[in-house]
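Below: run-v2.cif (mmCIF, C-alpha atoms)
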```cif
data_structure
#
loop_
_atom_site.label_atom_id
_atom_site.label_comp_id
_atom_site.auth_asym_id
_atom_site.auth_seq_id
_atom_site.Cartn_x
_atom_site.Cartn_y
_atom_site.Cartn_z
CA MET K 1 58.77 15.64 9.54
CA LYS K 2 57.54 18.57 11.69
CA THR K 3 53.93 18.01 10.44
CA HIS K 4 54.32 14.34 11.42
CA TYR K 5 55.30 15.25 15.00
CA PHE K 6 52.50 17.80 15.20
CA ILE K 7 49.86 15.23 14.10
CA LEU K 8 51.26 12.66 16.57
CA THR K 9 51.17 15.21 19.41
CA VAL K 10 47.55 16.08 18.59
CA ILE K 11 46.57 12.37 18.57
CA VAL K 12 48.31 11.75 21.92
CA LEU K 13 46.60 14.81 23.42
CA LEU K 14 43.23 13.69 22.10
CA LEU K 15 43.73 10.20 23.57
CA LEU K 16 44.69 11.71 26.91
CA CYS K 17 41.59 13.94 26.88
CA THR K 18 39.37 10.95 26.06
CA ASN K 19 40.84 8.98 28.97
CA VAL K 20 40.32 11.90 31.37
CA ALA K 21 36.73 12.34 30.16
CA MET K 22 36.10 8.59 30.51
CA SER K 23 37.45 8.45 34.05
CA GLN K 24 35.28 11.46 34.92
CA THR K 25 32.23 9.64 33.54
CA ILE K 26 33.05 6.56 35.64
CA GLN K 27 33.46 8.74 38.71
CA ALA K 28 30.12 10.40 38.02
CA LYS K 29 28.25 7.07 38.23
CA PRO K 30 28.57 5.68 41.74
CA ASN K 31 28.33 1.93 42.26
CA GLN K 32 25.11 1.88 44.28
CA VAL K 33 25.46 -1.75 45.46
CA GLU K 34 29.04 -1.23 46.64
CA LEU K 35 28.32 2.09 48.37
CA MET K 36 25.23 0.74 50.11
CA ARG K 37 27.48 -1.61 52.10
CA GLN K 38 28.66 1.38 54.12
CA LEU K 39 25.31 1.28 55.91
CA ILE K 40 25.68 -2.32 57.13
CA GLY K 41 26.00 -2.56 60.90
CA SER K 42 24.48 -1.17 64.07
CA TRP K 43 24.13 2.56 64.51
CA LYS K 44 22.74 4.98 67.02
CA ALA K 45 21.73 8.64 66.97
CA ASP K 46 21.04 10.82 69.99
CA LEU K 47 17.79 12.66 69.34
CA GLY K 48 17.94 14.67 72.57
CA LYS K 49 15.60 14.55 75.59
CA ASP K 50 17.01 11.15 76.62
CA THR K 51 15.83 9.69 73.32
CA VAL K 52 18.09 7.46 71.23
CA LEU K 53 17.42 6.05 67.78
CA TYR K 54 18.93 2.63 67.08
CA TRP K 55 19.19 1.43 63.48
CA ASP K 56 20.43 -2.01 62.56
CA ALA K 57 21.13 -3.08 58.97
CA LYS K 58 21.95 -6.65 57.93
CA PRO K 59 22.91 -7.66 54.39
CA PHE K 60 20.49 -9.83 52.45
CA GLY K 61 21.56 -10.54 48.87
CA THR K 62 22.41 -7.16 47.40
CA GLY K 63 19.92 -5.55 49.78
CA LEU K 64 19.55 -4.77 53.44
CA GLU K 65 17.04 -5.82 56.05
CA CYS K 66 16.76 -3.22 58.76
CA TYR K 67 15.19 -2.82 62.16
CA TYR K 68 15.01 0.45 64.05
CA LYS K 69 13.58 1.78 67.26
CA SER K 70 13.58 5.02 69.20
CA VAL K 71 13.99 4.56 72.93
CA THR K 72 13.46 6.88 75.88
CA LYS K 73 14.50 5.62 79.31
CA ASP K 74 14.32 1.96 78.18
CA LYS K 75 10.86 2.48 76.72
CA ILE K 76 10.32 1.93 72.99
CA LEU K 77 8.55 4.96 71.52
CA MET K 78 8.50 3.75 67.95
CA GLU K 79 9.85 0.83 65.96
CA GLY K 80 9.87 -0.27 62.38
CA LYS K 81 11.34 -2.50 59.72
CA GLN K 82 12.75 -1.80 56.29
CA LEU K 83 13.72 -3.94 53.33
CA PHE K 84 16.08 -2.37 50.80
CA GLY K 85 16.90 -3.84 47.41
CA TYR K 86 18.64 -2.65 44.26
CA ASP K 87 16.66 -1.96 41.10
CA LYS K 88 19.01 -1.81 38.11
CA LYS K 89 16.31 -0.35 35.83
CA ILE K 90 16.52 2.92 37.75
CA ASP K 91 20.01 2.35 39.27
CA LYS K 92 18.61 3.05 42.73
CA TYR K 93 17.69 1.23 45.89
CA LEU K 94 14.02 0.81 46.70
CA ALA K 95 12.82 0.23 50.23
CA SER K 96 9.62 -0.57 52.01
CA ASN K 97 9.40 1.17 55.35
CA LEU K 98 6.92 -0.19 57.85
CA VAL K 99 6.52 1.64 61.15
CA LYS K 100 4.46 -0.36 63.65
CA GLY K 101 0.87 0.87 63.55
CA MET K 102 1.30 2.92 60.38
CA ASP K 103 0.80 2.55 56.65
CA ILE K 104 3.65 1.28 54.50
CA GLU K 105 5.87 3.74 52.64
CA ILE K 106 7.96 3.06 49.56
CA TRP K 107 11.21 4.97 49.35
CA ALA K 108 14.11 5.26 46.99
CA LEU K 109 17.74 5.74 48.06
CA TRP K 110 20.66 6.53 45.81
CA PHE K 111 24.22 7.70 46.23
CA THR K 112 25.11 10.86 44.37
CA SER K 113 28.82 10.54 45.26
CA SER K 114 30.95 8.07 47.20
CA ASN K 115 29.74 9.48 50.54
CA LYS K 116 26.50 11.36 49.82
CA TYR K 117 23.05 9.97 49.22
CA ILE K 118 19.42 10.98 48.88
CA ILE K 119 16.28 9.31 50.22
CA THR K 120 12.84 10.31 48.98
CA TYR K 121 9.45 8.83 48.20
CA TYR K 122 9.42 6.41 45.26
CA SER K 123 6.87 8.62 43.52
CA ASP K 124 9.19 11.64 43.83
CA ILE K 125 12.28 10.07 42.22
CA PRO K 126 12.08 12.25 39.06
CA ASN K 127 12.14 15.42 41.12
CA PRO K 128 13.45 14.86 44.66
CA ASP K 129 13.98 18.58 45.27
CA LYS K 130 10.26 19.20 44.91
CA SER K 131 9.35 16.28 47.19
CA SER K 132 7.49 16.99 50.44
CA PHE K 133 10.02 14.63 52.09
CA LYS K 134 13.71 14.22 51.37
CA VAL K 135 16.71 13.08 53.36
CA ASP K 136 20.22 14.23 52.50
CA GLY K 137 22.69 11.70 53.88
CA GLU K 138 26.44 12.07 54.19
CA PHE K 139 29.13 9.75 55.49
CA ILE K 140 31.58 11.77 57.58
CA SER K 141 33.71 8.68 58.23
CA PRO K 142 33.23 4.89 57.97
CA ASN K 143 31.83 5.08 61.51
CA GLY K 144 29.61 8.12 61.26
CA TYR K 145 27.00 9.62 58.97
CA ASN K 146 24.52 12.48 59.14
CA GLU K 147 20.99 12.60 57.80
CA THR K 148 19.27 15.95 57.27
CA PHE K 149 15.49 15.76 56.94
CA ILE K 150 14.06 18.23 54.44
CA ILE K 151 10.33 18.76 54.66
CA ASN K 152 8.74 20.87 51.93
CA GLY K 153 12.15 22.17 50.90
CA LYS K 154 13.25 23.21 54.39
CA PRO K 155 15.81 21.36 56.54
CA VAL K 156 14.06 20.58 59.82
CA MET K 157 16.51 18.35 61.69
CA THR K 158 19.77 16.46 61.40
CA TYR K 159 20.41 13.05 62.92
CA LYS K 160 24.05 12.17 63.59
CA TYR K 161 24.58 8.42 63.52
CA MET K 162 27.55 6.77 65.19
CA ARG K 163 28.51 3.17 64.57
CA ILE K 164 28.01 0.79 67.50
CA LYS K 165 29.31 -2.28 65.67
CA LYS K 166 30.07 -3.50 62.15
CA MET R 1 -54.32 14.27 50.48
CA LYS R 2 -53.57 11.69 47.77
CA THR R 3 -50.71 13.89 46.46
CA LEU R 4 -49.23 14.06 49.98
CA TYR R 5 -49.28 10.24 50.31
CA LEU R 6 -47.70 9.89 46.87
CA THR R 7 -44.96 12.37 47.74
CA LEU R 8 -44.30 10.60 51.06
CA THR R 9 -44.20 7.19 49.34
CA VAL R 10 -41.66 8.49 46.79
CA ILE R 11 -39.48 9.97 49.58
CA VAL R 12 -39.57 6.67 51.57
CA LEU R 13 -38.71 4.68 48.43
CA LEU R 14 -35.83 7.03 47.62
CA LEU R 15 -34.47 6.68 51.18
CA LEU R 16 -34.73 2.89 50.95
CA CYS R 17 -32.88 2.88 47.62
CA THR R 18 -30.12 5.10 49.07
CA ASN R 19 -29.67 2.76 52.06
CA LEU R 20 -29.52 -0.27 49.76
CA ALA R 21 -26.90 1.37 47.55
CA GLN R 22 -24.83 2.32 50.62
CA ALA R 23 -24.99 -1.24 51.96
CA GLN R 24 -23.76 -2.58 48.62
CA THR R 25 -20.85 -0.11 48.64
CA ASN R 26 -19.89 -1.24 52.15
CA GLN R 27 -19.96 -4.88 51.06
CA THR R 28 -17.32 -4.24 48.41
CA ASN R 29 -15.26 -2.19 50.85
CA LEU R 30 -13.14 -5.10 52.10
CA ASN R 31 -10.80 -4.83 55.06
CA GLN R 32 -7.54 -5.57 53.23
CA THR R 33 -5.40 -5.62 56.41
CA GLU R 34 -7.71 -8.08 58.12
CA LEU R 35 -7.97 -10.37 55.09
CA THR R 36 -4.17 -10.49 54.72
CA LYS R 37 -4.00 -12.26 58.09
CA GLN R 38 -5.09 -15.42 56.27
CA PHE R 39 -1.50 -15.69 54.97
CA MET R 40 0.03 -15.86 58.46
CA GLY R 41 1.70 -19.14 59.37
CA SER R 42 3.87 -21.65 57.53
CA TRP R 43 2.99 -22.87 54.07
CA LYS R 44 4.45 -25.19 51.50
CA CYS R 45 3.95 -25.95 47.85
CA ASP R 46 5.28 -28.95 45.97
CA PHE R 47 6.61 -27.90 42.60
CA GLY R 48 7.40 -31.42 41.42
CA ASN R 49 10.90 -32.73 40.64
CA ASP R 50 11.49 -32.97 44.41
CA THR R 51 11.31 -29.18 44.64
CA THR R 52 9.39 -27.56 47.46
CA PHE R 53 8.55 -23.95 48.19
CA PHE R 54 8.27 -22.92 51.86
CA MET R 55 6.88 -19.63 53.08
CA GLU R 56 6.39 -18.22 56.55
CA GLY R 57 4.24 -15.17 57.18
CA LYS R 58 4.35 -13.14 60.41
CA LEU R 59 2.40 -10.07 61.45
CA TYR R 60 4.33 -6.87 62.04
CA GLY R 61 2.26 -3.93 63.21
CA THR R 62 -0.58 -3.59 60.73
CA GLY R 63 1.64 -5.17 58.09
CA SER R 64 3.38 -8.47 57.63
CA GLU R 65 6.74 -9.97 56.78
CA TYR R 66 7.51 -13.13 54.86
CA ASN R 67 10.51 -15.40 54.52
CA TYR R 68 10.52 -18.01 51.81
CA ASN R 69 12.83 -20.51 50.22
CA TYR R 70 13.01 -23.16 47.56
CA ALA R 71 14.55 -26.52 48.35
CA ALA R 72 15.36 -29.46 46.10
CA LYS R 73 16.01 -32.82 47.74
CA GLY R 74 16.25 -31.05 51.09
CA LYS R 75 18.88 -28.60 49.80
CA LEU R 76 18.07 -24.90 49.85
CA PHE R 77 18.75 -23.24 46.51
CA MET R 78 16.97 -19.91 46.69
CA GLU R 79 15.59 -17.66 49.40
CA GLY R 80 13.79 -14.39 49.67
CA LYS R 81 12.05 -11.88 51.91
CA GLN R 82 9.02 -9.65 51.65
CA LEU R 83 7.81 -6.72 53.73
CA ALA R 84 4.17 -5.77 53.24
CA GLY R 85 1.82 -3.13 54.53
CA TYR R 86 -1.44 -1.39 53.81
CA ASP R 87 -1.55 1.80 51.77
CA LYS R 88 -4.84 3.57 52.37
CA LYS R 89 -4.33 5.94 49.44
CA ILE R 90 -4.85 3.03 47.06
CA ASP R 91 -6.67 0.66 49.47
CA LYS R 92 -4.20 -2.11 48.67
CA ILE R 93 -1.38 -4.03 50.28
CA VAL R 94 1.95 -2.86 48.89
CA TYR R 95 5.07 -4.97 49.33
CA VAL R 96 8.59 -5.43 48.16
CA ASN R 97 10.01 -8.80 47.23
CA LEU R 98 13.75 -9.38 47.55
CA GLU R 99 15.24 -12.65 46.37
CA LYS R 100 18.92 -13.34 47.00
CA GLY R 101 20.93 -12.54 43.88
CA LYS R 102 18.07 -10.69 42.19
CA ASP R 103 16.76 -7.16 41.93
CA ILE R 104 14.00 -5.96 44.22
CA GLU R 105 10.39 -6.05 42.97
CA MET R 106 7.55 -3.79 44.03
CA LEU R 107 4.17 -5.49 44.08
CA ALA R 108 0.59 -4.88 45.11
CA LEU R 109 -1.97 -7.32 46.50
CA TRP R 110 -5.65 -6.72 47.03
CA PHE R 111 -8.61 -8.85 47.95
CA THR R 112 -11.55 -8.68 45.58
CA SER R 113 -13.71 -10.77 47.92
CA THR R 114 -13.13 -12.32 51.34
CA ASN R 115 -11.23 -15.25 49.81
CA LYS R 116 -10.03 -14.07 46.40
CA TYR R 117 -7.14 -11.75 45.66
CA ILE R 118 -4.93 -10.38 42.91
CA ILE R 119 -1.17 -9.77 42.90
CA THR R 120 0.50 -7.70 40.24
CA SER R 121 3.39 -5.30 39.76
CA TYR R 122 2.91 -2.01 41.56
CA SER R 123 3.16 -0.25 38.21
CA ASP R 124 0.25 -2.29 36.82
CA ILE R 125 -2.28 -1.56 39.61
CA ALA R 126 -4.35 0.69 37.40
CA ASN R 127 -4.88 -1.99 34.80
CA PRO R 128 -4.12 -5.47 36.16
CA GLU R 129 -5.82 -7.15 33.18
CA LYS R 130 -3.15 -5.71 30.91
CA ALA R 131 -0.25 -6.51 33.27
CA SER R 132 2.53 -8.67 31.87
CA PHE R 133 2.13 -10.90 34.91
CA LYS R 134 -0.63 -11.43 37.44
CA PHE R 135 -1.44 -13.90 40.19
CA GLU R 136 -5.06 -14.76 40.91
CA GLY R 137 -5.28 -16.28 44.36
CA GLU R 138 -8.08 -17.99 46.21
CA PHE R 139 -8.37 -19.34 49.73
CA LYS R 140 -10.20 -22.65 49.36
CA SER R 141 -10.04 -23.14 53.14
CA PRO R 142 -8.05 -21.58 56.04
CA ASN R 143 -5.42 -24.25 55.35
CA LEU R 144 -5.20 -24.16 51.58
CA PHE R 145 -4.93 -21.52 48.90
CA ILE R 146 -4.20 -21.65 45.22
CA GLU R 147 -2.41 -19.13 43.03
CA LYS R 148 -2.81 -18.98 39.27
CA LEU R 149 0.13 -17.40 37.45
CA ILE R 150 -1.08 -15.48 34.43
CA ILE R 151 1.50 -14.20 31.95
CA ASN R 152 0.34 -11.89 29.17
CA GLY R 153 -3.27 -12.89 29.82
CA LYS R 154 -2.62 -16.63 29.63
CA LEU R 155 -2.75 -19.07 32.54
CA LEU R 156 0.73 -20.50 32.85
CA LYS R 157 0.64 -22.50 36.08
CA THR R 158 -1.43 -23.15 39.20
CA TYR R 159 0.29 -23.44 42.57
CA THR R 160 -1.35 -25.08 45.59
CA MET R 161 -0.18 -23.89 48.99
CA THR R 162 -0.99 -26.01 52.03
CA ARG R 163 -0.60 -24.93 55.63
CA VAL R 164 2.24 -26.60 57.53
CA LYS R 165 1.38 -24.89 60.83
#
```

Reformat the file's structure so that it appears as structure tokens.
Amino acid sequence: MKTHYFILTVIVLLLLCTNVAMSQTIQAKPNQVELMRQLIGSWKADLGKDTVLYWDAKPFGTGLECYYKSVTKDKILMEGKQLFGYDKKIDKYLASNLVKGMDIEIWALWFTSSNKYIITYYSDIPNPDKSSFKVDGEFISPNGYNETFIINGKPVMTYKYMRIKK
Amino acid sequence: MKTLYLTLTVIVLLLLCTNLAQAQTNQTNLNQTELTKQFMGSWKCDFGNDTTFFMEGKLYGTGSEYNYNYAAKGKLFMEGKQLAGYDKKIDKIVYVNLEKGKDIEMLALWFTSTNKYIITSYSDIANPEKASFKFEGEFKSPNLFIEKLIINGKLLKTYTMTRVK
């Protein structure tokens, strides 16, 4: 009888461990499409020296169409458009970034947790830490996120975005 | 004296050949950004079965953006967007295509002459002939272009796009 109880206890423990391991696996794979929705809305970041960056993201399918501009004293210094879309083959978002007057850039964005994400060049996806350009993003709240720009492995600046409207 | 003339003649001929070769190189060096402007405006293509494809191209900086949709009997059933721009590293137009309800696609377009172009997946740029899919496009006039869809090396369909405005 004792052996019976012992075997049953071991089975129950094993089942519990499997469940815990499974839930950890699920937690480790963020739902990129769901998390991306946090970025929908209008945002602004003060860049200092009377310069403000406005970033506007509208949903389109499972992607986002974005417009941004940096403004100093009502004068547009720079503006651009972006189109983000999910690519299930790599479980990441791809984006084309087109700054007026410049060449196009192809980026990848992916969440590494429910509130943290990485942006880097498409070509640098396999090794973002060795990329010449990387952005570490983090949502501080539903209405605020920070982006730290890392150039050649060194953080050079952090933009703090505040939500203007949903 | 004769040797001097011969040497001079050879030098002049060599210089002429070099200039000719350079001119030929420049001829194949097409201005991809400029040629892309041919797509600007509103276009439509009749697919048959009362289905029509509409596309509108607008310039944005040195790039361009496109909105398109498919409609059957006047009812919209699919729509998409594209954002395109020049990449000087590969001398091609790179763009992403996002259709509602589908994954994003990364594509490349490049003109091979002033009125002919190729579209393929970004990953197949190096060898478009071996790409699983390819479009061969040709502007027949400023108001009409055709696109041949080639899947696995075989012509599957030809689309005719006519300018609406």

Distance limit 8 Å, atoms considered: all atoms listed in the file. Which chain R residues sit that close to chain K? Return them as an mmCIF file with C-alpha atoms, in the coordinates of the input.
```cif
data_model
loop_
_atom_site.group_PDB
_atom_site.id
_atom_site.type_symbol
_atom_site.label_atom_id
_atom_site.label_comp_id
_atom_site.auth_asym_id
_atom_site.auth_seq_id
_atom_site.Cartn_x
_atom_site.Cartn_y
_atom_site.Cartn_z
ATOM 1 C CA TYR R 60 4.330 -6.870 62.040
ATOM 2 C CA GLY R 61 2.260 -3.930 63.210
ATOM 3 C CA THR R 62 -0.580 -3.590 60.730
ATOM 4 C CA GLY R 63 1.640 -5.170 58.090
ATOM 5 C CA GLN R 82 9.020 -9.650 51.650
ATOM 6 C CA LEU R 83 7.810 -6.720 53.730
ATOM 7 C CA ALA R 84 4.170 -5.770 53.240
ATOM 8 C CA GLY R 85 1.820 -3.130 54.530
ATOM 9 C CA TYR R 86 -1.440 -1.390 53.810
ATOM 10 C CA ASP R 87 -1.550 1.800 51.770
ATOM 11 C CA LYS R 88 -4.840 3.570 52.370
ATOM 12 C CA VAL R 94 1.950 -2.860 48.890
ATOM 13 C CA TYR R 95 5.070 -4.970 49.330
ATOM 14 C CA VAL R 96 8.590 -5.430 48.160
ATOM 15 C CA LEU R 98 13.750 -9.380 47.550
ATOM 16 C CA GLU R 99 15.240 -12.650 46.370
ATOM 17 C CA LYS R 100 18.920 -13.340 47.000
ATOM 18 C CA GLY R 101 20.930 -12.540 43.880
ATOM 19 C CA LYS R 102 18.070 -10.690 42.190
ATOM 20 C CA ASP R 103 16.760 -7.160 41.930
ATOM 21 C CA ILE R 104 14.000 -5.960 44.220
ATOM 22 C CA GLU R 105 10.390 -6.050 42.970
#
```

Legend entry - Neighbour list for Glu129 in chain R as an MDAnalysis selection string, cut-off 10 Å, all atoms listed in the file, skip fewer than 2 positions in-chain: chainID R and resid 120 124:127 131:134 150 152:153

Legend entry - Length of the CA of Lys165 in chain R to CA of Lys58 in chain K vector [Å]: 27.6 Å

Inset, instruction - Output the residue selection produced by the PyMOL selection byres ((chain R and resi 142) around 9) on the file above, formatted as number ranges by chain. - result: R: 38-39, 139-141, 143-145, 163

Inset, instruction - Please indicate the distance in Å from CA of Asp50 in chain R to CA of Lys157 in chain R, rounded to one decimal place. - result: 17.2 Å

Legend entry - Selection near Ser42 in chain R, 8 Å with all atoms listed in the file, sequence-local residues under 6 positions removed, as a PyMOL selection string: chain R and resi 54-57+163-165

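The set of residues that the PyMOL selection byres ((chain K and resi 120) around 6) takes from this file is K:Trp107, K:Ala108, K:Ile119, K:Tyr121, K:Lys134.
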
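CA of Val52 in chain K to CA of Asn152 in chain K spans 25.3 Å [interatomic distance, one decimal].
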
Legend entry - Polymer residues at most 7 Å from Lys160 in chain K, only C-alpha atoms, same-chain spacing of 2 or more positions, as a list in words: Ala45, Tyr145, Asn146, Glu147, Thr158 and Met162 of chain K

Picked residues, the PyMOL selection byres ((chain K and resi 44) around 10), expected as a PDB file with C-alpha atoms, in the frame of the given file:
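After the write, selection_28.pdb holds the following:
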```pdb
ATOM      1  CA  SER K  42      24.480  -1.170  64.070  1.00  0.00           C
ATOM      2  CA  TRP K  43      24.130   2.560  64.510  1.00  0.00           C
ATOM      3  CA  ALA K  45      21.730   8.640  66.970  1.00  0.00           C
ATOM      4  CA  ASP K  46      21.040  10.820  69.990  1.00  0.00           C
ATOM      5  CA  LEU K  47      17.790  12.660  69.340  1.00  0.00           C
ATOM      6  CA  VAL K  52      18.090   7.460  71.230  1.00  0.00           C
ATOM      7  CA  LEU K  53      17.420   6.050  67.780  1.00  0.00           C
ATOM      8  CA  TYR K  54      18.930   2.630  67.080  1.00  0.00           C
ATOM      9  CA  TRP K  55      19.190   1.430  63.480  1.00  0.00           C
ATOM     10  CA  ASP K  56      20.430  -2.010  62.560  1.00  0.00           C
ATOM     11  CA  TYR K  68      15.010   0.450  64.050  1.00  0.00           C
ATOM     12  CA  LYS K  69      13.580   1.780  67.260  1.00  0.00           C
ATOM     13  CA  SER K  70      13.580   5.020  69.200  1.00  0.00           C
ATOM     14  CA  GLY K 144      29.610   8.120  61.260  1.00  0.00           C
ATOM     15  CA  TYR K 159      20.410  13.050  62.920  1.00  0.00           C
ATOM     16  CA  LYS K 160      24.050  12.170  63.590  1.00  0.00           C
ATOM     17  CA  TYR K 161      24.580   8.420  63.520  1.00  0.00           C
ATOM     18  CA  MET K 162      27.550   6.770  65.190  1.00  0.00           C
ATOM     19  CA  ARG K 163      28.510   3.170  64.570  1.00  0.00           C
ATOM     20  CA  ILE K 164      28.010   0.790  67.500  1.00  0.00           C
ATOM     21  CA  LYS K 165      29.310  -2.280  65.670  1.00  0.00           C
TER      22      LYS K 165
END
```

Legend entry - Spatial neighbours of range 135-140 of chain K, 9 Å, all atoms listed in the file, chain gap at least 6 places, as a PyMOL selection string: chain K and resi 38+111+114-120+146-151+155
